[in-house]
Structures are given as C-alpha cells and as structure tokens.
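Reading through the structure tokens given below for one structure.
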Amino acid sequence: MATPAGGRRSGGDLRDGPVAVAVIGAGYWGINHVRVLAELPGVALAAVCDLDEAARARAAEVAPGVALVAEVERVLADPAVEAVVLATPAVTHADLACAALAAGKHVLVEKPLALSVVDAERVVAAATAAGRVLLVGHLMVYHPALARLQALLAAGELGELHYLHSARVNLGRLRTDENALWSFGPHDLSMIDVLLDGAEPELVAAQGGAFLQPGVEDVVFVTLRYPGGVMAHVHLSWLHPHKERRLTLVGSRKMVEFDDVAADKLRVYDRGYDRPPAFTRWGQYLTLRHGDVSLPRLEMVEPLRAMLEHFAACCRGQATPRTDGDSGLRVVATLERAQAALDQVRRPG
C-alpha cells in the first residue's frame with residue numbers, strides 16, 4: 001500500500017499535513033465516503049478495502065489511483081493509515097472498531113455504533129484505552145438545519161418544548177440483516193439526543209409490523225418520554241407510499257418543521273394557544289393564534305462532507321467529536337430498549 005503524500009506522521013501530532021484515511025466497506029453507503037474523501041482538502045485517501053471485487057472496481061472509478069485492498073488486516077497493519085472509516089454491515093461495527101482502535105487508528109464508525117449496549121460500551125472503552133478519536137456516523141447531526149433548530153431552542157424562540165414528532169419513511173430498499181428500527185432509527189434518535197442535550201428517555205415503548213419478512217419489522221412506531229415531560233414519537237418504515245424525512249418540534253410559543261425532502265428545509269410557525277393574563281369566562285382562557293410562517297435561510301452543505309471534515313479536524317486535535325462514543329452509546333441504549341419492546345409485543349407473555 002502506498003504511503004500517502006506527506007509521509008507518516010506520529011499518532012499524537014496530526015495538526016499538519018493531510019490525514020491519511022482508509023475506507024473499509026465500499027458498498028451502498030461506503031462509496032459515498034470514498035467520493036467525498038477523495039476530493040476533501042486536508043485528507044489523503046490512503047486505501048479502500050472491500051471483500052467484493054465489484055465494490056473495489058466502483059471505488060477505483062470514483063477515486064482513480066487509490067490503493068484497493070481486500071483484507072482488513074492489511075489496512076490495520078499499515079503504519080501509513082492514521083484513520084479509518086467503517087462503512088460495513090452493522091453486525092461488524094463493534095469488532096472492527098475495537099480492532100482498528102487497538103491498531104492505533106482513529107475511527108469513524110457508521111451508525112449504529114453497535115447492536116447492543118454491551119458492545120457499544122466495549123468500543124467506547126477501547127477508544128479511551130487507545131487514546132484515539134471515536135466518531136459515530138450520525139449523519140443528520142451534521143445537517144445545517146439541525147444547528148438552526150438547536151439555536152432556536154437555545155434562544156427560547158419556541159418557548160417550552162412540548163414534544164417532537166419524526167417520520168422517516170419510504171418505499172425503499174428492503175433490508176434483510178436489520179429492521180426499520182435499527183436501519184432508520186439512529187438518524188432520528190441522534191437528532192433528538194442532540195436537541196435534548198443528551199437526556200435519556202424515562203420511557204421507551206414500541207410497536208411494529210413485519211409484513212414482508214418474518215421477524216424483520218418493516219414499520220416501527222416508537223414513543224419516548226423524557227425528564228420534564230417532553231415526549232417524542234418516531235415513525236420508521238420502508239413500506240410506505242412516499243418518501244418523507246420530517247422532524248417537527250412543538251413548543252409553547254412556536255412550532256418548527258424540518259423537512260429534508262422539501263426545497264425549504266425549515267419552516268417556523270408562529271402558531272399555538274395564548275393564555276391571556278386575565279379572563280372572566282372559560283372560553284377566553286386559551287386563544288388560538290395564527291401567526292406568520294417564516295423560512296430561515298440555511299447555508300447548505302452536504303452533511304456527509306461536513307461530518308468528514310469534522311472527523312479530519314478531530315484527528316488533527318483541532319476539534320472534539322460532536323457525535324462521540326457516548327452519544328453513540330446513548331442511541332444504542334434507546335434502540336435496545338425499543339427492540340425489547342418490539343420483542344415483547346411479538347411474543348406476548
């Protein structure tokens with residue numbers, strides 16, 4: 001495997017020169033990591049690793065001249081590789097992340113971090129022991145709209161937050177190795193985790209249906225209750241007539257909708273019920289308010305590019321991971337609780 005431009009730098013000093021990154025897994029989503037890293041300033045795409053020859057051939061088309069490798073062991077043993085992106089099946093995440101960290105690599109592992117809390121804790125501990133960066137690929141956290149939602153909440157624009165509602169549905173690609181909860185859920189749960197400052201739910205309930213494949217839920221509904229009474233409802237499905245990627249926040253003063261499918265990603269609604277300072281009849285107590293709808297301007301950046309730029313900055317010691325191992329662990333913990341609820345519904349008693 002060729003040494004990246006700039007040569008090998010010590011693991012503790014990544015501030016100067018490009019960060020040498022290898023992508024492990026160049027399939028349906030991993031090829032997008034290859035595409036962005038191949039053109040990202042401050043990064044040298046050191047290698048692409050995949051067992052599938054066709055996947056390696058696609059990577060060569062996207063990033064001509066990149067080193068193509070079939071064996072993960074070769075990537076982890078190469079001292080020129082400073083960081084790896086793991087875009088492999090979820091069942092492999094924990095073991096591969098631990099192996100990469102033990103080999104002294106910084107790691108970006110795609111969502112979910114692991115398929116159990118025990119394995120997620122194992123990865124977090126491995127990152128701590130190795131003193132290396134661990135960043136979880138919670139892509140939607142790097143969407144410009146989410147930063148604006150955080151700002152609206154922090155400024156008190158929405159008032160007291162009452163509840164969140166998200167829908168991530170489509171008539172999409174059928175999965176056999178994971179259900180809709182584990183495939184789609186990390187996106188919405190990671191956004192909720194950020195918006196609620198890492199609060200862990202007091203209650204997690206879930207129901208779902210496996211209509212196409214026994215034991216693999218195509219549609220899942222998750223209900224969560226957080227400290228302070230904030231509620232969240234998450235609808236996940238790949239068996240739906242149209243594509244929807246929508247997150248709604250309802251506050252005591254205003255409401256806001258993040259629609260990732262629409263051209264206007266954010267809409268802020270000055271709507272709700274007002275409580276007048278004094279009233280004489282019950283009908284006067286709550287007054288319905290229909291105010292303006294505003295469309296905040298967003299500087300759009302591809303979330304994947306933003307995430308990989310952030311990862312490179314973390315590897316250089318210039319930033320702290322926004323989606324670190326602890327955030328990935330919290331999301332896995334909620335997923336595990338929701339899966340337990342699904343299992344209980346599937347096997348009552």
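Starting from 1 in every chain, residues are counted up; chains themselves are A, B, ... following the order of the structure tokens, and ligands are numbered from 1 as listed.
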Residues within 9 Å of Leu304 of chain A, please, as a count of residues only. Count only C-alpha atoms; anything in the same chain fewer than 3 positions from it doesn't count.
12
As a VMD selection string, please: all residues of segment 4-242 of chain A that backbone DSSP puts in helix (DSSP H, G or I).
chain A and resid 30 to 39 53 to 62 72 to 77 90 to 102 117 to 130 139 to 142 144 to 154 180 to 195 227 to 229
My list of candidates is A:Val34, A:Pro303, A:Leu189, A:Arg316. Which is closest to Pro64 of chain A when distances are computed with only C-alpha atoms?
A:Val34
For segment 242-257 of chain A: contacts at 10 Å, only C-alpha atoms, fewer than 2 positions along chain excluded, given as a compact mmCIF listing (two decimals) with all heavy atoms, in the first residue's frame:
```txt
# COMPACT_ATOMS: atom_id res chain seq x y z
N ALA A 145 -29.64 22.27 9.05
CA ALA A 145 -30.93 22.54 9.67
C ALA A 145 -30.93 22.20 11.15
O ALA A 145 -31.61 22.86 11.95
CB ALA A 145 -32.03 21.76 8.95
N LEU A 146 -30.17 21.19 11.54
CA LEU A 146 -30.17 20.80 12.95
C LEU A 146 -29.49 21.87 13.80
O LEU A 146 -29.94 22.17 14.91
CB LEU A 146 -29.49 19.45 13.16
CG LEU A 146 -29.74 18.89 14.56
CD1 LEU A 146 -31.14 18.34 14.68
CD2 LEU A 146 -28.73 17.83 14.93
N LEU A 149 -32.04 24.45 14.40
CA LEU A 149 -33.01 24.00 15.40
C LEU A 149 -32.44 24.17 16.81
O LEU A 149 -33.14 24.62 17.73
CB LEU A 149 -33.39 22.55 15.16
CG LEU A 149 -34.28 22.25 13.96
CD1 LEU A 149 -34.47 20.74 13.80
CD2 LEU A 149 -35.64 22.92 14.10
N LEU A 152 -32.60 27.82 17.73
CA LEU A 152 -33.96 28.25 18.04
C LEU A 152 -34.34 27.83 19.46
O LEU A 152 -34.94 28.61 20.21
CB LEU A 152 -34.94 27.66 17.03
CG LEU A 152 -34.92 28.25 15.62
CD1 LEU A 152 -35.77 27.41 14.68
CD2 LEU A 152 -35.40 29.70 15.63
N LEU A 153 -33.99 26.61 19.83
CA LEU A 153 -34.29 26.13 21.18
C LEU A 153 -33.50 26.91 22.22
O LEU A 153 -34.04 27.34 23.25
CB LEU A 153 -33.97 24.64 21.29
CG LEU A 153 -34.97 23.66 20.67
CD1 LEU A 153 -34.41 22.25 20.72
CD2 LEU A 153 -36.31 23.72 21.40
N GLY A 156 -34.81 30.29 23.01
CA GLY A 156 -36.15 30.34 23.57
C GLY A 156 -37.22 30.72 22.58
O GLY A 156 -38.35 31.07 22.96
N GLU A 157 -36.89 30.65 21.28
CA GLU A 157 -37.85 31.05 20.25
C GLU A 157 -39.12 30.19 20.27
O GLU A 157 -40.20 30.67 19.97
CB GLU A 157 -37.21 30.96 18.87
CG GLU A 157 -36.22 32.06 18.57
CD GLU A 157 -36.90 33.40 18.32
OE1 GLU A 157 -37.92 33.42 17.60
OE2 GLU A 157 -36.42 34.39 18.87
N LEU A 158 -38.96 28.93 20.61
CA LEU A 158 -40.11 28.03 20.60
C LEU A 158 -40.85 28.02 21.93
O LEU A 158 -41.92 27.42 22.04
CB LEU A 158 -39.67 26.60 20.26
CG LEU A 158 -38.86 26.42 18.97
CD1 LEU A 158 -38.60 24.94 18.72
CD2 LEU A 158 -39.56 27.05 17.79
N GLY A 159 -40.30 28.67 22.93
CA GLY A 159 -40.87 28.59 24.26
C GLY A 159 -40.49 27.27 24.91
O GLY A 159 -39.43 26.69 24.63
N GLU A 160 -41.35 26.76 25.76
CA GLU A 160 -41.12 25.47 26.39
C GLU A 160 -41.41 24.35 25.39
O GLU A 160 -42.48 24.31 24.79
CB GLU A 160 -42.02 25.31 27.61
CG GLU A 160 -41.85 23.99 28.35
CD GLU A 160 -42.82 23.83 29.49
OE1 GLU A 160 -43.58 24.78 29.77
OE2 GLU A 160 -42.83 22.73 30.10
N LEU A 161 -40.46 23.46 25.20
CA LEU A 161 -40.64 22.37 24.25
C LEU A 161 -41.62 21.35 24.82
O LEU A 161 -41.44 20.83 25.93
CB LEU A 161 -39.30 21.70 23.95
CG LEU A 161 -39.33 20.57 22.90
CD1 LEU A 161 -39.80 21.09 21.54
CD2 LEU A 161 -37.95 19.93 22.77
N HIS A 162 -42.68 21.07 24.06
CA HIS A 162 -43.69 20.09 24.48
C HIS A 162 -43.39 18.69 23.95
O HIS A 162 -43.31 17.73 24.70
CB HIS A 162 -45.08 20.53 24.01
CG HIS A 162 -45.60 21.74 24.70
ND1 HIS A 162 -45.28 22.08 25.98
CD2 HIS A 162 -46.44 22.72 24.25
CE1 HIS A 162 -45.89 23.20 26.32
NE2 HIS A 162 -46.60 23.61 25.29
N TYR A 163 -43.22 18.58 22.61
CA TYR A 163 -42.97 17.26 22.04
C TYR A 163 -42.31 17.37 20.68
O TYR A 163 -42.29 18.44 20.06
CB TYR A 163 -44.26 16.43 21.95
CG TYR A 163 -45.25 16.86 20.90
CD1 TYR A 163 -45.19 16.35 19.59
CD2 TYR A 163 -46.29 17.74 21.20
CE1 TYR A 163 -46.11 16.72 18.64
CE2 TYR A 163 -47.22 18.11 20.25
CZ TYR A 163 -47.12 17.60 18.96
OH TYR A 163 -48.04 17.97 18.00
N LEU A 164 -41.74 16.24 20.25
CA LEU A 164 -41.14 16.12 18.92
C LEU A 164 -41.82 14.97 18.19
O LEU A 164 -42.21 13.97 18.80
CB LEU A 164 -39.63 15.83 19.01
CG LEU A 164 -38.77 16.73 19.89
CD1 LEU A 164 -38.65 16.14 21.29
CD2 LEU A 164 -37.37 16.90 19.29
N HIS A 165 -41.95 15.13 16.89
CA HIS A 165 -42.52 14.05 16.07
C HIS A 165 -41.66 13.91 14.82
O HIS A 165 -41.38 14.88 14.13
CB HIS A 165 -43.96 14.38 15.67
CG HIS A 165 -44.59 13.33 14.81
ND1 HIS A 165 -44.44 13.28 13.45
CD2 HIS A 165 -45.36 12.26 15.14
CE1 HIS A 165 -45.09 12.24 12.97
NE2 HIS A 165 -45.66 11.60 13.97
N SER A 166 -41.22 12.69 14.54
CA SER A 166 -40.40 12.47 13.35
C SER A 166 -40.97 11.35 12.51
O SER A 166 -41.58 10.40 13.03
CB SER A 166 -38.95 12.16 13.72
OG SER A 166 -38.85 10.89 14.33
N ALA A 167 -40.78 11.46 11.20
CA ALA A 167 -41.19 10.43 10.26
C ALA A 167 -40.06 10.22 9.26
O ALA A 167 -39.61 11.17 8.62
CB ALA A 167 -42.47 10.82 9.53
N ARG A 168 -39.59 8.99 9.16
CA ARG A 168 -38.55 8.63 8.20
C ARG A 168 -39.07 7.39 7.47
O ARG A 168 -38.88 6.25 7.90
CB ARG A 168 -37.22 8.34 8.91
CG ARG A 168 -36.03 8.12 7.98
CD ARG A 168 -34.73 8.18 8.76
NE ARG A 168 -34.57 9.47 9.39
CZ ARG A 168 -34.03 10.54 8.79
NH1 ARG A 168 -33.56 10.44 7.56
NH2 ARG A 168 -33.95 11.69 9.43
N VAL A 169 -39.78 7.64 6.37
CA VAL A 169 -40.49 6.57 5.68
C VAL A 169 -40.26 6.66 4.18
O VAL A 169 -39.94 7.73 3.65
CB VAL A 169 -42.01 6.63 5.98
CG1 VAL A 169 -42.27 6.45 7.48
CG2 VAL A 169 -42.62 7.94 5.50
N ASN A 170 -40.46 5.53 3.51
CA ASN A 170 -40.24 5.47 2.07
C ASN A 170 -40.67 4.10 1.58
O ASN A 170 -40.81 3.17 2.38
CB ASN A 170 -38.75 5.69 1.75
CG ASN A 170 -38.50 6.00 0.28
OD1 ASN A 170 -39.43 6.27 -0.48
ND2 ASN A 170 -37.25 5.95 -0.13
N LEU A 171 -40.90 3.98 0.28
CA LEU A 171 -41.00 2.65 -0.33
C LEU A 171 -39.61 2.36 -0.85
O LEU A 171 -39.28 2.62 -2.01
CB LEU A 171 -42.05 2.62 -1.45
CG LEU A 171 -42.35 1.24 -2.03
CD1 LEU A 171 -42.92 0.32 -0.96
CD2 LEU A 171 -43.32 1.34 -3.20
N GLY A 172 -38.76 1.87 0.05
CA GLY A 172 -37.33 1.86 -0.24
C GLY A 172 -36.72 0.48 -0.28
O GLY A 172 -37.40 -0.53 -0.37
N ASP A 188 -32.98 9.59 13.55
CA ASP A 188 -33.91 10.43 14.31
C ASP A 188 -33.55 10.48 15.79
O ASP A 188 -33.64 11.53 16.43
CB ASP A 188 -35.34 9.92 14.10
CG ASP A 188 -35.72 9.94 12.64
OD1 ASP A 188 -36.15 10.99 12.16
OD2 ASP A 188 -35.56 8.91 11.96
N MET A 191 -30.70 12.89 16.38
CA MET A 191 -31.13 14.29 16.34
C MET A 191 -31.84 14.67 17.64
O MET A 191 -31.59 15.74 18.21
CB MET A 191 -32.04 14.54 15.14
CG MET A 191 -31.33 14.57 13.81
SD MET A 191 -32.37 15.18 12.47
CE MET A 191 -33.54 13.83 12.27
N ILE A 192 -32.72 13.79 18.10
CA ILE A 192 -33.43 14.05 19.36
C ILE A 192 -32.43 14.13 20.52
O ILE A 192 -32.55 14.98 21.41
CB ILE A 192 -34.49 12.96 19.61
CG1 ILE A 192 -35.60 13.06 18.55
CG2 ILE A 192 -35.08 13.08 21.01
CD1 ILE A 192 -36.58 11.90 18.56
N LEU A 195 -30.86 17.58 20.38
CA LEU A 195 -31.81 18.65 20.70
C LEU A 195 -32.19 18.66 22.18
O LEU A 195 -32.51 19.71 22.73
CB LEU A 195 -33.05 18.52 19.82
CG LEU A 195 -32.82 18.77 18.32
CD1 LEU A 195 -34.06 18.42 17.52
CD2 LEU A 195 -32.42 20.21 18.07
N VAL A 230 -41.23 16.09 28.31
CA VAL A 230 -41.11 16.18 26.85
C VAL A 230 -41.33 14.79 26.25
O VAL A 230 -40.78 13.79 26.73
CB VAL A 230 -39.73 16.72 26.43
CG1 VAL A 230 -39.58 16.72 24.92
CG2 VAL A 230 -39.52 18.13 26.98
N ALA A 232 -41.63 12.30 22.57
CA ALA A 232 -41.20 12.16 21.18
C ALA A 232 -41.86 10.95 20.59
O ALA A 232 -42.07 9.94 21.27
CB ALA A 232 -39.67 12.04 21.09
N HIS A 233 -42.21 11.06 19.31
CA HIS A 233 -42.80 9.93 18.58
C HIS A 233 -42.05 9.79 17.27
O HIS A 233 -41.83 10.77 16.55
CB HIS A 233 -44.29 10.16 18.32
CG HIS A 233 -44.98 8.98 17.74
ND1 HIS A 233 -45.20 8.83 16.39
CD2 HIS A 233 -45.49 7.86 18.33
CE1 HIS A 233 -45.83 7.68 16.17
NE2 HIS A 233 -46.00 7.07 17.31
N VAL A 234 -41.62 8.57 16.97
CA VAL A 234 -40.80 8.31 15.79
C VAL A 234 -41.48 7.24 14.93
O VAL A 234 -41.76 6.14 15.42
CB VAL A 234 -39.38 7.84 16.20
CG1 VAL A 234 -38.52 7.60 14.97
CG2 VAL A 234 -38.72 8.86 17.13
N HIS A 235 -41.72 7.56 13.67
CA HIS A 235 -42.34 6.64 12.71
C HIS A 235 -41.29 6.25 11.68
O HIS A 235 -40.73 7.11 10.99
CB HIS A 235 -43.54 7.33 12.04
CG HIS A 235 -44.20 6.51 10.97
ND1 HIS A 235 -45.02 7.06 10.01
CD2 HIS A 235 -44.15 5.18 10.70
CE1 HIS A 235 -45.46 6.11 9.21
NE2 HIS A 235 -44.94 4.96 9.60
N LEU A 236 -41.01 4.97 11.58
CA LEU A 236 -39.96 4.45 10.70
C LEU A 236 -40.54 3.36 9.79
O LEU A 236 -41.21 2.46 10.29
CB LEU A 236 -38.82 3.86 11.53
CG LEU A 236 -38.26 4.74 12.64
CD1 LEU A 236 -37.45 3.91 13.63
CD2 LEU A 236 -37.40 5.85 12.06
N SER A 237 -40.27 3.45 8.50
CA SER A 237 -40.81 2.42 7.60
C SER A 237 -40.15 2.48 6.23
O SER A 237 -39.84 3.56 5.73
CB SER A 237 -42.33 2.61 7.43
OG SER A 237 -42.84 1.68 6.50
N TRP A 238 -39.93 1.31 5.64
CA TRP A 238 -39.56 1.25 4.22
C TRP A 238 -40.71 0.66 3.41
O TRP A 238 -40.53 0.26 2.27
CB TRP A 238 -38.26 0.48 4.00
CG TRP A 238 -38.22 -0.94 4.50
CD1 TRP A 238 -39.02 -1.97 4.12
CD2 TRP A 238 -37.31 -1.48 5.46
NE1 TRP A 238 -38.66 -3.12 4.77
CE2 TRP A 238 -37.62 -2.85 5.60
CE3 TRP A 238 -36.25 -0.94 6.19
CZ2 TRP A 238 -36.91 -3.69 6.47
CZ3 TRP A 238 -35.57 -1.78 7.04
CH2 TRP A 238 -35.89 -3.13 7.19
N LEU A 239 -41.89 0.65 4.00
CA LEU A 239 -43.09 0.16 3.33
C LEU A 239 -44.14 1.27 3.41
O LEU A 239 -45.07 1.23 4.22
CB LEU A 239 -43.58 -1.13 4.00
CG LEU A 239 -44.78 -1.85 3.38
CD1 LEU A 239 -44.47 -2.27 1.95
CD2 LEU A 239 -45.16 -3.06 4.22
N HIS A 240 -43.96 2.29 2.58
CA HIS A 240 -44.78 3.50 2.66
C HIS A 240 -44.92 4.08 1.25
O HIS A 240 -43.99 3.96 0.44
CB HIS A 240 -44.09 4.52 3.59
CG HIS A 240 -45.01 5.56 4.13
ND1 HIS A 240 -45.89 5.32 5.16
CD2 HIS A 240 -45.19 6.86 3.78
CE1 HIS A 240 -46.57 6.42 5.43
NE2 HIS A 240 -46.16 7.37 4.61
N ASP A 259 -38.09 19.61 7.12
CA ASP A 259 -38.49 18.69 6.05
C ASP A 259 -37.31 18.54 5.11
O ASP A 259 -37.04 19.41 4.27
CB ASP A 259 -39.71 19.25 5.31
CG ASP A 259 -40.27 18.27 4.28
OD1 ASP A 259 -39.58 17.27 3.98
OD2 ASP A 259 -41.38 18.51 3.78
N ASP A 260 -36.59 17.44 5.23
CA ASP A 260 -35.37 17.25 4.45
C ASP A 260 -35.64 16.91 2.99
O ASP A 260 -34.73 16.92 2.17
CB ASP A 260 -34.51 16.15 5.09
CG ASP A 260 -33.07 16.22 4.63
OD1 ASP A 260 -32.62 17.31 4.22
OD2 ASP A 260 -32.38 15.18 4.66
N VAL A 261 -36.89 16.62 2.65
CA VAL A 261 -37.25 16.33 1.26
C VAL A 261 -37.60 17.61 0.51
O VAL A 261 -37.40 17.71 -0.69
CB VAL A 261 -38.42 15.33 1.21
CG1 VAL A 261 -38.87 15.08 -0.23
CG2 VAL A 261 -38.00 14.00 1.85
N ALA A 262 -38.11 18.62 1.22
CA ALA A 262 -38.56 19.86 0.60
C ALA A 262 -37.39 20.77 0.26
O ALA A 262 -36.30 20.66 0.81
CB ALA A 262 -39.52 20.58 1.54
N LYS A 265 -36.05 23.74 3.74
CA LYS A 265 -35.84 22.71 4.76
C LYS A 265 -36.51 23.04 6.09
O LYS A 265 -36.94 22.12 6.80
CB LYS A 265 -34.34 22.50 4.99
CG LYS A 265 -33.55 22.12 3.75
CD LYS A 265 -33.96 20.77 3.20
CE LYS A 265 -33.09 20.36 2.02
NZ LYS A 265 -33.59 19.13 1.38
N LEU A 266 -36.57 24.31 6.45
CA LEU A 266 -37.13 24.71 7.74
C LEU A 266 -38.31 25.65 7.57
O LEU A 266 -38.25 26.57 6.74
CB LEU A 266 -36.06 25.39 8.60
CG LEU A 266 -35.06 24.53 9.36
CD1 LEU A 266 -34.18 25.42 10.22
CD2 LEU A 266 -35.74 23.48 10.21
N ARG A 267 -39.34 25.42 8.36
CA ARG A 267 -40.48 26.34 8.45
C ARG A 267 -40.79 26.56 9.92
O ARG A 267 -40.99 25.60 10.66
CB ARG A 267 -41.71 25.75 7.74
CG ARG A 267 -41.58 25.70 6.22
CD ARG A 267 -42.80 25.03 5.59
NE ARG A 267 -42.69 25.03 4.13
CZ ARG A 267 -43.23 25.95 3.34
NH1 ARG A 267 -43.97 26.91 3.89
NH2 ARG A 267 -43.09 25.90 2.04
N VAL A 268 -40.81 27.82 10.31
CA VAL A 268 -41.14 28.18 11.68
C VAL A 268 -42.55 28.76 11.70
O VAL A 268 -42.84 29.73 10.99
CB VAL A 268 -40.13 29.19 12.26
CG1 VAL A 268 -40.50 29.54 13.69
CG2 VAL A 268 -38.71 28.63 12.20
N TYR A 269 -43.41 28.15 12.50
CA TYR A 269 -44.82 28.56 12.57
C TYR A 269 -45.07 29.33 13.86
O TYR A 269 -44.89 28.78 14.96
CB TYR A 269 -45.73 27.32 12.54
CG TYR A 269 -45.62 26.50 11.27
CD1 TYR A 269 -44.63 25.52 11.14
CD2 TYR A 269 -46.50 26.70 10.22
CE1 TYR A 269 -44.53 24.76 9.98
CE2 TYR A 269 -46.40 25.94 9.05
CZ TYR A 269 -45.41 24.98 8.95
OH TYR A 269 -45.31 24.23 7.79
N ASP A 270 -45.49 30.57 13.72
CA ASP A 270 -45.88 31.35 14.89
C ASP A 270 -47.36 31.04 15.18
O ASP A 270 -48.25 31.87 14.99
CB ASP A 270 -45.68 32.85 14.62
CG ASP A 270 -45.93 33.70 15.85
OD1 ASP A 270 -46.09 33.12 16.94
OD2 ASP A 270 -45.97 34.93 15.71
N ARG A 271 -47.57 29.83 15.64
CA ARG A 271 -48.92 29.35 15.87
C ARG A 271 -48.99 28.65 17.23
O ARG A 271 -48.00 28.10 17.69
CB ARG A 271 -49.36 28.37 14.79
CG ARG A 271 -49.47 28.97 13.40
CD ARG A 271 -49.82 27.93 12.37
NE ARG A 271 -49.90 28.52 11.03
CZ ARG A 271 -50.10 27.81 9.92
NH1 ARG A 271 -50.23 26.48 10.00
NH2 ARG A 271 -50.18 28.41 8.75
N GLY A 272 -50.16 28.67 17.80
CA GLY A 272 -50.34 27.99 19.07
C GLY A 272 -51.51 28.57 19.83
O GLY A 272 -52.40 29.20 19.26
N TYR A 273 -51.50 28.38 21.14
CA TYR A 273 -52.54 28.90 22.03
C TYR A 273 -51.91 29.87 23.01
O TYR A 273 -50.89 29.57 23.63
CB TYR A 273 -53.22 27.76 22.80
CG TYR A 273 -54.17 26.94 21.96
CD1 TYR A 273 -53.73 25.79 21.32
CD2 TYR A 273 -55.50 27.32 21.81
CE1 TYR A 273 -54.59 25.03 20.55
CE2 TYR A 273 -56.37 26.56 21.04
CZ TYR A 273 -55.91 25.42 20.41
OH TYR A 273 -56.77 24.68 19.64
N ASP A 274 -52.52 31.03 23.14
CA ASP A 274 -52.06 32.02 24.11
C ASP A 274 -52.94 31.99 25.35
O ASP A 274 -54.15 31.78 25.27
CB ASP A 274 -52.12 33.43 23.50
CG ASP A 274 -51.05 33.63 22.44
OD1 ASP A 274 -50.01 32.95 22.52
OD2 ASP A 274 -51.26 34.46 21.53
N ARG A 289 -53.83 31.22 18.17
CA ARG A 289 -53.04 32.22 17.47
C ARG A 289 -52.57 31.67 16.13
O ARG A 289 -51.94 30.61 16.05
CB ARG A 289 -51.81 32.60 18.31
CG ARG A 289 -50.94 33.68 17.66
CD ARG A 289 -49.71 33.99 18.51
NE ARG A 289 -48.72 32.93 18.46
CZ ARG A 289 -48.53 32.02 19.37
NH1 ARG A 289 -49.29 31.98 20.44
NH2 ARG A 289 -47.58 31.10 19.23
N GLY A 291 -50.18 32.98 13.50
CA GLY A 291 -49.21 33.99 13.12
C GLY A 291 -48.55 33.67 11.79
O GLY A 291 -49.04 32.86 11.00
N VAL A 293 -45.62 32.39 9.03
CA VAL A 293 -44.74 31.26 8.78
C VAL A 293 -43.45 31.81 8.18
O VAL A 293 -43.49 32.51 7.17
CB VAL A 293 -45.38 30.24 7.81
CG1 VAL A 293 -44.41 29.09 7.55
CG2 VAL A 293 -46.70 29.72 8.37
N SER A 294 -42.33 31.55 8.81
CA SER A 294 -41.05 32.06 8.31
C SER A 294 -40.19 30.91 7.80
O SER A 294 -40.30 29.77 8.27
CB SER A 294 -40.31 32.84 9.40
OG SER A 294 -40.04 32.02 10.52
N LEU A 295 -39.33 31.23 6.85
CA LEU A 295 -38.44 30.24 6.23
C LEU A 295 -36.99 30.68 6.49
O LEU A 295 -36.43 31.47 5.72
CB LEU A 295 -38.69 30.14 4.73
CG LEU A 295 -40.13 29.88 4.29
CD1 LEU A 295 -40.23 29.90 2.76
CD2 LEU A 295 -40.61 28.53 4.82
```
For segment 204-212 of chain A, list every protein, DNA or RNA residue within 10 Å, evaluated using only C-alpha atoms, and leave out those in the same chain fewer than 2 positions away; present the list as a PyMOL selection string.
chain A and resi 174+179-181+200-202+214-226+232-237+239+334-346
Go ahead and dump the residues you just picked, C-alpha atoms, as a tab-separated table (two decimals), in the first residue's frame.
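Once written, out_24.tsv looks like this:
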```
chain	number	residue	atom	x	y	z
A	174	LEU	CA	-35.57	-3.91	1.52
A	179	ASN	CA	-35.22	-3.98	10.75
A	180	ALA	CA	-36.54	-0.46	10.22
A	181	LEU	CA	-35.75	0.45	13.82
A	200	GLU	CA	-32.04	9.77	28.32
A	201	PRO	CA	-35.69	8.74	27.99
A	202	GLU	CA	-37.58	7.67	31.09
A	214	PRO	CA	-40.95	-12.79	9.30
A	215	GLY	CA	-39.15	-11.25	12.27
A	216	VAL	CA	-37.91	-8.18	10.38
A	217	GLU	CA	-40.12	-5.18	11.11
A	218	ASP	CA	-40.81	-3.07	8.02
A	219	VAL	CA	-42.64	-0.43	10.05
A	220	VAL	CA	-41.96	0.69	13.62
A	221	PHE	CA	-43.57	3.30	15.87
A	222	VAL	CA	-41.51	4.41	18.89
A	223	THR	CA	-42.84	6.59	21.70
A	224	LEU	CA	-40.48	8.17	24.22
A	225	ARG	CA	-40.95	10.27	27.32
A	226	TYR	CA	-38.09	12.38	28.67
A	232	ALA	CA	-41.20	12.16	21.18
A	233	HIS	CA	-42.80	9.93	18.58
A	234	VAL	CA	-40.80	8.31	15.79
A	235	HIS	CA	-42.34	6.64	12.71
A	236	LEU	CA	-39.96	4.45	10.70
A	237	SER	CA	-40.81	2.42	7.60
A	239	LEU	CA	-43.09	0.16	3.33
A	334	THR	CA	-32.56	3.61	23.32
A	335	LEU	CA	-32.60	1.31	20.30
A	336	GLU	CA	-32.05	-1.70	22.56
A	337	ARG	CA	-34.94	-0.67	24.81
A	338	ALA	CA	-37.20	-0.15	21.79
A	339	GLN	CA	-36.19	-3.54	20.38
A	340	ALA	CA	-37.04	-5.17	23.70
A	341	ALA	CA	-40.49	-3.58	23.50
A	342	LEU	CA	-40.91	-4.89	19.94
A	343	ASP	CA	-39.90	-8.37	21.04
A	344	GLN	CA	-42.40	-8.26	23.89
A	345	VAL	CA	-45.23	-7.29	21.52
A	346	ARG	CA	-44.16	-10.01	19.09
```
Skipping near chain neighbours, those fewer than 6 positions away, what residues fall within 8 Å of Leu115 of chain A using only C-alpha atoms, listed as a ChimeraX atom specification?
/A:90-91,332,336
